[in-house]
$ cat model.txt   # compact mmCIF, C-alpha atoms and all ligand atoms
# COMPACT_ATOMS: atom_id res chain seq x y z
CA MET A 8 183.77 6.35 -52.24
CA GLN A 9 184.27 10.06 -51.86
CA SER A 10 183.32 10.90 -55.46
CA ASP A 11 179.98 9.10 -55.09
CA ALA A 12 179.05 10.77 -51.84
CA ILE A 13 176.12 13.13 -51.94
CA ILE A 14 175.91 15.34 -48.95
CA LYS A 15 174.25 18.61 -48.07
CA VAL A 16 175.29 21.28 -45.65
CA ILE A 17 172.44 23.15 -44.03
CA ARG A 18 172.93 26.36 -42.07
CA VAL A 19 170.58 26.58 -39.08
CA PRO A 20 170.50 29.96 -37.33
CA ILE A 21 169.82 29.39 -33.62
CA PRO A 22 168.30 32.24 -31.57
CA THR A 23 170.85 33.67 -29.13
CA PRO A 24 169.18 35.98 -26.64
CA THR A 25 172.21 37.40 -24.89
CA LEU A 26 174.54 38.10 -27.73
CA TRP A 27 175.03 41.56 -29.16
CA PRO A 28 175.10 42.51 -32.03
CA HIS A 29 174.29 39.00 -33.24
CA THR A 30 170.82 37.67 -32.56
CA THR A 31 171.51 34.19 -33.90
CA THR A 32 174.40 31.73 -33.90
CA ASN A 33 174.82 29.27 -36.75
CA SER A 34 174.69 25.53 -36.41
CA TYR A 35 175.38 23.42 -39.49
CA ILE A 36 174.08 19.97 -40.32
CA ILE A 37 176.26 18.10 -42.81
CA GLY A 38 175.27 14.78 -44.38
CA ASN A 39 172.27 13.02 -45.88
CA GLU A 40 169.35 10.78 -44.90
CA ASN A 41 171.72 8.02 -43.74
CA GLU A 42 174.17 9.92 -41.59
CA SER A 43 174.80 13.47 -40.50
CA LEU A 44 177.07 15.60 -38.35
CA LEU A 45 176.07 18.69 -36.39
CA VAL A 46 178.60 21.51 -36.10
CA ASP A 47 177.87 23.66 -33.03
CA ALA A 48 174.77 23.24 -30.94
CA GLY A 49 173.79 26.80 -30.10
CA TYR A 50 172.41 28.19 -26.93
CA ASP A 51 170.97 26.00 -24.17
CA GLN A 52 167.26 26.62 -24.66
CA GLU A 53 164.22 24.79 -26.02
CA SER A 54 164.16 26.68 -29.34
CA THR A 55 167.58 25.24 -30.23
CA ARG A 56 166.15 21.75 -30.32
CA GLN A 57 163.08 22.90 -32.25
CA LYS A 58 165.12 24.70 -34.92
CA LEU A 59 167.46 21.74 -35.38
CA ASN A 60 164.65 19.17 -35.58
CA GLN A 61 162.81 21.35 -38.08
CA ALA A 62 165.91 21.61 -40.30
CA ILE A 63 166.48 17.83 -40.08
CA GLN A 64 162.91 17.12 -41.21
CA GLU A 65 162.74 19.76 -43.94
CA ASN A 66 165.99 18.61 -45.49
CA ASN A 67 165.42 14.88 -45.04
CA LEU A 68 168.55 14.38 -42.95
CA ALA A 69 169.44 11.67 -40.45
CA THR A 70 169.46 12.78 -36.83
CA PRO A 71 173.11 13.61 -36.07
CA LYS A 72 174.91 11.09 -33.88
CA LYS A 73 178.07 13.16 -33.96
CA ILE A 74 178.49 16.78 -32.94
CA LEU A 75 181.60 18.89 -33.49
CA ILE A 76 181.87 21.93 -31.22
CA THR A 77 184.07 24.71 -32.65
CA HIS A 78 184.65 26.32 -29.24
CA SER A 79 183.26 26.54 -25.74
CA HIS A 80 181.37 29.86 -25.88
CA PRO A 81 177.79 29.88 -24.51
CA ASP A 82 176.23 30.44 -27.92
CA HIS A 83 178.03 27.44 -29.51
CA ALA A 84 178.42 24.58 -27.01
CA PRO A 85 175.74 24.25 -24.30
CA GLY A 86 172.86 23.52 -26.72
CA VAL A 87 174.16 19.92 -26.60
CA ARG A 88 172.16 19.69 -23.35
CA GLN A 89 168.99 19.96 -25.42
CA LEU A 90 170.08 16.98 -27.54
CA VAL A 91 170.73 14.35 -24.86
CA ASP A 92 168.33 11.85 -26.46
CA TRP A 93 170.39 11.86 -29.67
CA SER A 94 173.09 10.09 -27.59
CA PRO A 95 175.73 11.98 -29.51
CA ILE A 96 179.51 11.64 -29.60
CA VAL A 97 180.81 15.18 -29.14
CA TYR A 98 184.13 16.23 -30.71
CA CYS A 99 186.28 19.15 -29.60
CA HIS A 100 189.88 20.31 -29.40
CA GLU A 101 191.97 19.27 -26.40
CA LEU A 102 192.49 22.91 -25.38
CA GLU A 103 188.73 23.47 -24.94
CA LYS A 104 187.91 20.07 -23.51
CA GLU A 105 187.45 21.16 -19.92
CA ALA A 106 185.31 24.19 -20.74
CA ILE A 107 183.17 22.19 -23.17
CA ALA A 108 182.77 19.29 -20.74
CA ASN A 109 181.31 21.80 -18.27
CA ALA A 110 179.17 23.45 -20.94
CA ILE A 111 177.55 20.22 -22.16
CA SER A 112 177.18 18.28 -18.90
CA PRO A 113 175.36 15.87 -18.38
CA VAL A 114 176.48 14.69 -21.85
CA THR A 115 179.83 13.02 -21.23
CA ASN A 116 180.71 11.31 -24.49
CA LEU A 117 183.41 13.85 -25.36
CA VAL A 118 186.24 12.96 -27.76
CA THR A 119 189.18 15.21 -28.64
CA ILE A 120 190.11 15.79 -32.25
CA GLY A 121 192.82 17.94 -33.80
CA HIS A 122 194.42 19.51 -36.86
CA HIS A 123 194.42 17.29 -39.97
CA ASP A 124 192.11 14.71 -38.39
CA THR A 125 189.24 13.64 -40.61
CA LEU A 126 185.64 12.68 -39.98
CA ASN A 127 183.86 10.42 -42.41
CA ILE A 128 180.20 11.37 -42.71
CA ALA A 129 177.85 9.72 -45.20
CA GLY A 130 180.82 8.70 -47.34
CA ALA A 131 182.37 12.17 -47.46
CA GLN A 132 185.66 13.08 -45.83
CA LEU A 133 185.60 16.18 -43.69
CA GLN A 134 188.88 17.77 -42.61
CA VAL A 135 189.39 19.22 -39.17
CA ILE A 136 191.40 22.46 -39.00
CA HIS A 137 192.73 23.88 -35.75
CA GLY A 138 192.34 27.63 -36.15
CA PRO A 139 193.27 29.41 -32.92
CA GLY A 140 192.72 33.16 -32.52
CA HIS A 141 189.18 33.83 -31.30
CA THR A 142 189.85 31.07 -28.75
CA GLU A 143 192.87 28.80 -28.31
CA GLY A 144 191.21 25.56 -29.29
CA GLN A 145 188.96 26.84 -32.07
CA LEU A 146 188.14 24.13 -34.61
CA ASN A 147 187.05 24.68 -38.18
CA LEU A 148 185.76 22.05 -40.59
CA TYR A 149 186.56 21.89 -44.30
CA ILE A 150 184.37 19.93 -46.71
CA PRO A 151 186.47 19.35 -49.86
CA LEU A 152 183.55 17.84 -51.78
CA LEU A 153 181.57 21.08 -51.48
CA LYS A 154 184.58 23.45 -51.32
CA THR A 155 183.01 24.70 -48.12
CA LEU A 156 184.63 25.91 -44.93
CA ILE A 157 182.67 25.94 -41.68
CA ALA A 158 184.63 28.62 -39.85
CA GLY A 159 183.19 28.84 -36.33
CA ASP A 160 183.79 32.32 -34.94
CA ASN A 161 186.95 32.83 -37.00
CA ILE A 162 184.66 34.38 -39.60
CA VAL A 163 181.42 36.29 -39.10
CA ALA A 164 179.34 37.45 -42.07
CA GLU A 165 179.10 41.08 -40.98
CA GLY A 166 182.27 42.90 -39.98
CA THR A 167 185.05 41.21 -38.04
CA THR A 168 185.08 38.67 -35.26
CA TRP A 169 186.01 39.63 -31.74
CA ILE A 170 189.58 38.87 -30.63
CA GLY A 171 190.57 39.75 -27.07
CA PRO A 172 192.61 38.42 -24.15
CA PRO A 173 192.73 36.15 -22.25
CA GLU A 174 191.21 33.63 -24.69
CA GLY A 175 191.94 35.47 -27.91
CA ASN A 176 195.32 35.93 -29.54
CA MET A 177 195.82 38.31 -32.47
CA GLN A 178 199.01 36.74 -33.81
CA ASP A 179 197.41 33.29 -33.81
CA TYR A 180 194.35 34.78 -35.47
CA MET A 181 196.35 36.36 -38.29
CA ASN A 182 198.16 33.04 -38.86
CA THR A 183 194.82 31.23 -38.92
CA LEU A 184 193.40 33.64 -41.52
CA HIS A 185 196.40 32.99 -43.77
CA THR A 186 195.94 29.22 -43.34
CA LEU A 187 192.23 29.38 -44.17
CA ASN A 188 192.92 31.58 -47.19
CA LYS A 189 194.89 28.73 -48.81
CA LEU A 190 191.90 26.37 -48.93
CA LYS A 191 189.94 25.87 -52.15
CA MET A 192 186.68 27.53 -51.21
CA SER A 193 183.47 28.53 -52.91
CA GLN A 194 181.77 29.53 -49.67
CA ILE A 195 182.32 29.98 -45.94
CA GLY A 196 179.76 29.11 -43.29
CA PRO A 197 180.41 31.74 -40.61
CA GLY A 198 179.68 31.50 -36.88
CA HIS A 199 177.12 34.28 -37.25
CA GLY A 200 175.19 35.59 -40.23
CA ASP A 201 174.55 34.40 -43.78
CA TRP A 202 176.79 32.29 -46.05
CA VAL A 203 179.85 34.14 -47.28
CA HIS A 204 180.05 33.64 -51.06
CA ASN A 205 183.20 35.70 -51.65
CA PRO A 206 185.54 33.83 -49.26
CA TYR A 207 188.89 35.24 -50.40
CA GLU A 208 187.65 38.81 -50.59
CA HIS A 209 186.11 38.46 -47.14
CA ILE A 210 189.25 37.00 -45.52
CA GLU A 211 191.33 39.70 -47.23
CA PHE A 212 188.98 42.34 -45.80
CA VAL A 213 189.46 40.96 -42.26
CA ILE A 214 193.25 40.80 -42.64
CA LYS A 215 193.33 44.39 -43.98
CA ARG A 216 191.12 45.64 -41.16
CA ARG A 217 193.49 44.12 -38.59
CA ILE A 218 196.60 45.49 -40.29
CA HIS A 219 194.95 48.92 -40.50
CA ARG A 220 194.15 48.83 -36.77
CA GLU A 221 197.72 47.87 -35.94
CA LYS A 222 199.12 50.72 -38.04
CA GLN A 223 196.70 53.12 -36.36
CA ILE A 224 197.94 52.04 -32.92
CA LEU A 225 201.59 52.46 -33.96
CA ALA A 226 200.81 55.90 -35.40
CA PHE A 227 199.16 57.06 -32.17
CA LEU A 228 202.15 55.75 -30.21
CA THR A 229 204.46 57.66 -32.54
CA ASP A 230 202.59 60.91 -31.86
CA HIS A 231 202.38 60.36 -28.09
CA GLU A 232 205.12 59.35 -25.72
CA GLN A 233 202.89 56.87 -23.94
CA LEU A 234 199.24 55.88 -23.86
CA SER A 235 197.01 53.47 -21.96
CA SER A 236 194.86 50.95 -23.81
CA ALA A 237 191.82 53.05 -22.83
CA ASP A 238 193.42 56.17 -24.38
CA LEU A 239 194.15 54.25 -27.57
CA THR A 240 190.64 52.82 -27.72
CA LYS A 241 189.14 56.31 -27.41
CA MET A 242 191.41 57.55 -30.20
CA ILE A 243 190.64 54.62 -32.50
CA TYR A 244 186.89 54.68 -32.15
CA GLU A 245 186.51 58.38 -31.41
CA ASP A 246 182.92 58.69 -30.29
CA SER A 247 181.60 55.92 -32.47
CA ILE A 248 181.07 53.20 -29.85
CA HIS A 249 178.45 52.87 -27.19
CA PRO A 250 179.85 53.10 -23.63
CA SER A 251 178.39 49.67 -22.84
CA ILE A 252 180.80 47.98 -25.26
CA PHE A 253 183.83 50.16 -24.57
CA GLY A 254 185.41 47.43 -22.42
CA VAL A 255 185.08 44.91 -25.23
CA ALA A 256 186.66 47.34 -27.72
CA GLN A 257 189.47 48.02 -25.23
CA ARG A 258 190.26 44.32 -25.02
CA THR A 259 190.53 44.19 -28.82
CA THR A 260 193.03 47.04 -28.61
CA GLU A 261 194.91 45.06 -25.96
CA ALA A 262 195.01 42.00 -28.23
CA HIS A 263 196.74 44.15 -30.84
CA LEU A 264 199.12 45.56 -28.20
CA ILE A 265 200.06 42.07 -27.00
CA LYS A 266 200.98 41.14 -30.57
CA LEU A 267 203.04 44.34 -30.95
CA ILE A 268 204.84 43.66 -27.66
CA GLU A 269 205.69 40.13 -28.82
CA GLU A 270 207.06 41.62 -32.04
CA LYS A 271 209.14 44.05 -29.94
CA LYS A 272 207.52 47.07 -31.58
CA VAL A 273 205.84 48.25 -28.38
CA ALA A 274 206.81 48.15 -24.69
CA LYS A 275 204.52 48.19 -21.67
CA GLN A 276 205.25 49.74 -18.31
CA ASP A 277 202.58 49.73 -15.64
CA SER A 278 199.47 50.33 -17.71
CA GLN A 279 201.20 52.57 -20.27
CA TYR A 280 202.30 51.57 -23.74
CA ALA A 281 205.14 53.16 -25.70
CA LYS A 282 206.61 52.57 -29.13
CA ILE A 283 210.07 51.03 -29.31
CA ASN A 284 212.12 53.02 -31.78
CA LYS A 285 214.35 51.00 -33.97
CA ASP A 286 217.21 52.34 -36.01
CA PHE A 287 216.81 50.00 -38.95
ZN ZN A 301 182.78 32.75 -29.78
$ encode --input "model.txt" --output "structure tokens" --more "lines below"
Ligand SMILES: [Zn+2]
Amino acid sequence: MQSDAIIKVIRVPIPTPTLWPHTTTNSYIIGNENESLLVDAGYDQESTRQKLNQAIQENNLATPKKILITHSHPDHAPGVRQLVDWSPIVYCHELEKEAIANAISPVTNLVTIGHHDTLNIAGAQLQVIHGPGHTEGQLNLYIPLLKTLIAGDNIVAEGTTWIGPPEGNMQDYMNTLHTLNKLKMSQIGPGHGDWVHNPYEHIEFVIKRRIHREKQILAFLTDHEQLSSADLTKMIYEDSIHPSIFGVAQRTTEAHLIKLIEEKKVAKQDSQYAKINKDF
């Protein structure tokens, strides 16, 4: 029975050598000594396995036989390769199935799962949430018993998560943030960084940051007849970003522009963007 279930959720930061500015990616183990679920398997390297086994022992948890992968990125999915001898069932969203199948091969026991599906782990019901934005098939997991959301890369502890085309979609992301904000939460387990203990404030901060960015872009396009996404990125960040990540920042700007084009507030011709002036 749900009310009798006693489960823990343990955050396990997994070293991620290639990822800037994050140096670790979070895995989570949810359950107890009888049964547990792993959410995200980190990077494909030996230390992933060591960190997970250490957390399992220290917290007296059963070795996970089920793994839920939030999305296909190299710091979240391929660590499954280190866990072949767990013989796990791996869950993911249909839209990421192909990418994840490639990322976790030779593990082939891949099952698709979607919005409102539930997983029963150690007597507790866990709710699957499809939260597209960072990627199309991003899954989140909500644990009602602990009022805890495991948010994948929809939420990062420091700053805001990266949204950029072709995988990312800003409109989807904003919708997802509003969906997540309606959950009863006492904490969020982010994709990177420490537990977030002020979930509503944090989500509000991310929403405000995105709205601010969008207003900035519209203001620049009001002052200039037309601008490229590189022009806009230079104006937004001034000189505050390192040249090595300029391309990444530019794609974030483009994600905003795509949303504004869909809303018919901005038009694109060749590589130039212009504001559409409305009379109402
Ligand atoms: Zn990611």
$ residues_near_ligand --input "model.txt" --ligand "ligand ZN 301 (chain A)" --cutoff "7 Å" --atoms "only C-alpha atoms and all ligand atoms" --output "ChimeraX atom specification"
/A:78,80,141,160
$ residues_around --input "model.txt" --residues "range 177-189 of chain A" --least-positions-apart "4" --cutoff "7 Å" --atoms "only C-alpha atoms" --output "list of chain:residue names"
A:Gly138, A:Pro139, A:Gly140, A:His141, A:Ile170, A:Tyr207, A:Ile210, A:Ile214, A:Ala262, A:His263, A:Lys266
$ atom_distance --input "model.txt" --atom1 "CA of Leu148 in chain A" --atom2 "CA of Glu101 in chain A"
15.7 Å
$ residues_near_point --input "model.txt" --point "(207.7, 52.2, -25.8)" --cutoff "8 Å" --atoms "all atoms listed in the file" --output "list in words"
Leu228, Glu232, Gln233, Lys272, Val273, Ala274, Lys275, Tyr280, Ala281, Lys282, Ile283 and Asn284 of chain A
$ closest_residue --input "model.txt" --among "A:Gly254, A:Pro173, A:Gly86, A:Pro151" --to "Ser193 in chain A" --atoms "all atoms listed in the file"
A:Pro151
$ closest_atom_pairs --input "model.txt" --of "range 256-280 of chain A" --to "range 245-252 of chain A" --cutoff "12 Å" --atoms "only C-alpha atoms" --output "Markdown table"
| residue | atom | partner | partner_atom | distance |
| --- | --- | --- | --- | --- |
| A:Ala256 | CA | A:Ile252 | CA | 6.4 |
| A:Gln257 | CA | A:Ile252 | CA | 8.7 |
| A:Arg258 | CA | A:Ile252 | CA | 10.1 |
| A:Thr259 | CA | A:Ile252 | CA | 11.0 |
$ write_last_selection --input "model.txt" --atoms "C-alpha atoms" --output "CSV table (one decimal), keeping the file's coordinate frame"
chain,number,residue,atom,x,y,z
A,256,ALA,CA,186.7,47.3,-27.7
A,257,GLN,CA,189.5,48.0,-25.2
A,258,ARG,CA,190.3,44.3,-25.0
A,259,THR,CA,190.5,44.2,-28.8
$ residues_near_point --input "model.txt" --point "(170.9, 13.4, -46.9)" --cutoff "7 Å" --atoms "all atoms listed in the file" --output "PyMOL selection string"
chain A and resi 14-15+38-41+67-69
$ write_last_selection --input "model.txt" --atoms "C-alpha atoms" --output "short mmCIF file (atom, residue, chain, number, x, y, z; two decimals), in the coordinates of the input"
data_model
loop_
_atom_site.label_atom_id
_atom_site.label_comp_id
_atom_site.auth_asym_id
_atom_site.auth_seq_id
_atom_site.Cartn_x
_atom_site.Cartn_y
_atom_site.Cartn_z
CA ILE A 14 175.91 15.34 -48.95
CA LYS A 15 174.25 18.61 -48.07
CA GLY A 38 175.27 14.78 -44.38
CA ASN A 39 172.27 13.02 -45.88
CA GLU A 40 169.35 10.78 -44.90
CA ASN A 41 171.72 8.02 -43.74
CA ASN A 67 165.42 14.88 -45.04
CA LEU A 68 168.55 14.38 -42.95
CA ALA A 69 169.44 11.67 -40.45
#
$ residues_around --input "model.txt" --residues "range 105-113 of chain A" --least-positions-apart "6" --cutoff "10 Å" --atoms "all atoms listed in the file" --output "number ranges by chain"
A: 48, 51, 76-81, 83-91, 97-99
$ residues_around --input "model.txt" --residues "Pro71 in chain A" --least-positions-apart "3" --cutoff "8 Å" --atoms "all atoms listed in the file" --output "ChimeraX atom specification"
/A:36,42-45,74,93,95
$ atom_distance --input "model.txt" --atom1 "CA of Gly121 in chain A" --atom2 "CA of Leu190 in chain A"
17.3 Å
$ axis_aligned_box --input "model.txt" --around "range 121-135 of chain A" --padding-each-side "5 Å" --output "JSON"
{"center_x": 186.1, "center_y": 14.1, "center_z": -40.6, "size_x": 26.6, "size_y": 20.8, "size_z": 23.7}
$ atom_distance --input "model.txt" --atom1 "CA of Asn116 in chain A" --atom2 "CA of Glu103 in chain A"
14.6 Å
$ closest_residue --input "model.txt" --among "A:Ile195, A:Val213, A:Pro24, A:Val135" --to "Gly166 in chain A" --atoms "all atoms listed in the file"
A:Val213
$ closest_residue --input "model.txt" --among "A:Asn147, A:Ser94, A:Gln223, A:Thr142" --to "Val46 in chain A" --atoms "all atoms listed in the file"
A:Asn147
$ residues_around --input "model.txt" --residues "Ile13 in chain A" --least-positions-apart "6" --cutoff "10 Å" --atoms "all atoms listed in the file" --output "list of chain:residue names"
A:Gly38, A:Asn39, A:Ala129, A:Gly130, A:Ala131, A:Leu152, A:Leu153
$ closest_residue --input "model.txt" --among "A:Leu75, A:Ala226, A:Leu146, A:Ile63" --to "Asp47 in chain A" --atoms "only C-alpha atoms"
A:Leu75
$ decode --input "model.txt" --residues "range 140-213 of chain A" --atoms "C-alpha atoms" --output "PDB file, in the first residue's frame"
ATOM      1  CA  GLY A 140      11.814  21.569 -24.145  1.00  0.00           C
ATOM      2  CA  HIS A 141      15.469  20.722 -23.549  1.00  0.00           C
ATOM      3  CA  THR A 142      14.836  17.714 -25.804  1.00  0.00           C
ATOM      4  CA  GLU A 143      11.636  16.480 -27.436  1.00  0.00           C
ATOM      5  CA  GLY A 144      11.253  13.298 -25.455  1.00  0.00           C
ATOM      6  CA  GLN A 145      12.469  14.533 -22.066  1.00  0.00           C
ATOM      7  CA  LEU A 146      10.982  12.536 -19.196  1.00  0.00           C
ATOM      8  CA  ASN A 147      10.631  13.696 -15.619  1.00  0.00           C
ATOM      9  CA  LEU A 148       9.613  11.586 -12.644  1.00  0.00           C
ATOM     10  CA  TYR A 149       7.363  12.731  -9.801  1.00  0.00           C
ATOM     11  CA  ILE A 150       7.353  10.945  -6.447  1.00  0.00           C
ATOM     12  CA  PRO A 151       4.110  11.973  -4.680  1.00  0.00           C
ATOM     13  CA  LEU A 152       5.079  10.219  -1.438  1.00  0.00           C
ATOM     14  CA  LEU A 153       8.146  12.448  -1.054  1.00  0.00           C
ATOM     15  CA  LYS A 154       6.733  15.500  -2.900  1.00  0.00           C
ATOM     16  CA  THR A 155       9.843  15.240  -5.033  1.00  0.00           C
ATOM     17  CA  LEU A 156      10.328  15.951  -8.717  1.00  0.00           C
ATOM     18  CA  ILE A 157      13.268  14.445 -10.576  1.00  0.00           C
ATOM     19  CA  ALA A 158      13.529  16.977 -13.386  1.00  0.00           C
ATOM     20  CA  GLY A 159      16.236  15.731 -15.763  1.00  0.00           C
ATOM     21  CA  ASP A 160      17.746  18.681 -17.602  1.00  0.00           C
ATOM     22  CA  ASN A 161      14.537  20.715 -17.411  1.00  0.00           C
ATOM     23  CA  ILE A 162      15.970  22.141 -14.198  1.00  0.00           C
ATOM     24  CA  VAL A 163      19.594  22.714 -13.236  1.00  0.00           C
ATOM     25  CA  ALA A 164      20.545  23.945  -9.761  1.00  0.00           C
ATOM     26  CA  GLU A 165      22.674  26.856 -10.951  1.00  0.00           C
ATOM     27  CA  GLY A 166      21.249  29.218 -13.551  1.00  0.00           C
ATOM     28  CA  THR A 167      19.093  28.016 -16.416  1.00  0.00           C
ATOM     29  CA  THR A 168      19.165  24.935 -18.592  1.00  0.00           C
ATOM     30  CA  TRP A 169      20.250  25.110 -22.193  1.00  0.00           C
ATOM     31  CA  ILE A 170      17.493  25.228 -24.824  1.00  0.00           C
ATOM     32  CA  GLY A 171      18.505  25.336 -28.481  1.00  0.00           C
ATOM     33  CA  PRO A 172      17.498  23.952 -31.873  1.00  0.00           C
ATOM     34  CA  PRO A 173      17.256  21.399 -33.353  1.00  0.00           C
ATOM     35  CA  GLU A 174      16.450  19.319 -30.248  1.00  0.00           C
ATOM     36  CA  GLY A 175      15.288  22.125 -27.990  1.00  0.00           C
ATOM     37  CA  ASN A 176      12.053  24.062 -28.279  1.00  0.00           C
ATOM     38  CA  MET A 177      11.424  27.206 -26.214  1.00  0.00           C
ATOM     39  CA  GLN A 178       7.633  27.164 -26.453  1.00  0.00           C
ATOM     40  CA  ASP A 179       7.521  23.528 -25.325  1.00  0.00           C
ATOM     41  CA  TYR A 180       9.935  24.386 -22.545  1.00  0.00           C
ATOM     42  CA  MET A 181       7.793  27.239 -21.230  1.00  0.00           C
ATOM     43  CA  ASN A 182       4.725  24.959 -21.292  1.00  0.00           C
ATOM     44  CA  THR A 183       6.679  22.286 -19.426  1.00  0.00           C
ATOM     45  CA  LEU A 184       7.760  24.756 -16.722  1.00  0.00           C
ATOM     46  CA  HIS A 185       4.120  25.742 -16.168  1.00  0.00           C
ATOM     47  CA  THR A 186       3.134  22.057 -15.940  1.00  0.00           C
ATOM     48  CA  LEU A 187       5.874  21.269 -13.422  1.00  0.00           C
ATOM     49  CA  ASN A 188       4.972  24.336 -11.364  1.00  0.00           C
ATOM     50  CA  LYS A 189       1.535  22.825 -10.632  1.00  0.00           C
ATOM     51  CA  LEU A 190       2.953  19.777  -8.837  1.00  0.00           C
ATOM     52  CA  LYS A 191       3.015  19.614  -5.038  1.00  0.00           C
ATOM     53  CA  MET A 192       6.744  19.828  -4.431  1.00  0.00           C
ATOM     54  CA  SER A 193       9.070  20.207  -1.487  1.00  0.00           C
ATOM     55  CA  GLN A 194      12.196  19.666  -3.566  1.00  0.00           C
ATOM     56  CA  ILE A 195      13.465  19.199  -7.112  1.00  0.00           C
ATOM     57  CA  GLY A 196      16.276  16.857  -8.079  1.00  0.00           C
ATOM     58  CA  PRO A 197      17.933  18.689 -10.980  1.00  0.00           C
ATOM     59  CA  GLY A 198      19.960  17.196 -13.836  1.00  0.00           C
ATOM     60  CA  HIS A 199      23.031  19.010 -12.546  1.00  0.00           C
ATOM     61  CA  GLY A 200      23.913  20.430  -9.145  1.00  0.00           C
ATOM     62  CA  ASP A 201      22.487  20.149  -5.644  1.00  0.00           C
ATOM     63  CA  TRP A 202      18.863  19.580  -4.550  1.00  0.00           C
ATOM     64  CA  VAL A 203      16.630  22.568  -5.166  1.00  0.00           C
ATOM     65  CA  HIS A 204      14.704  23.246  -1.933  1.00  0.00           C
ATOM     66  CA  ASN A 205      12.742  26.263  -3.168  1.00  0.00           C
ATOM     67  CA  PRO A 206      11.055  24.631  -6.192  1.00  0.00           C
ATOM     68  CA  TYR A 207       8.439  27.280  -6.979  1.00  0.00           C
ATOM     69  CA  GLU A 208      10.832  30.189  -6.570  1.00  0.00           C
ATOM     70  CA  HIS A 209      13.357  28.415  -8.776  1.00  0.00           C
ATOM     71  CA  ILE A 210      10.871  27.626 -11.570  1.00  0.00           C
ATOM     72  CA  GLU A 211       9.581  31.207 -11.365  1.00  0.00           C
ATOM     73  CA  PHE A 212      13.168  32.455 -11.723  1.00  0.00           C
ATOM     74  CA  VAL A 213      13.666  30.363 -14.882  1.00  0.00           C
TER      75      VAL A 213
END
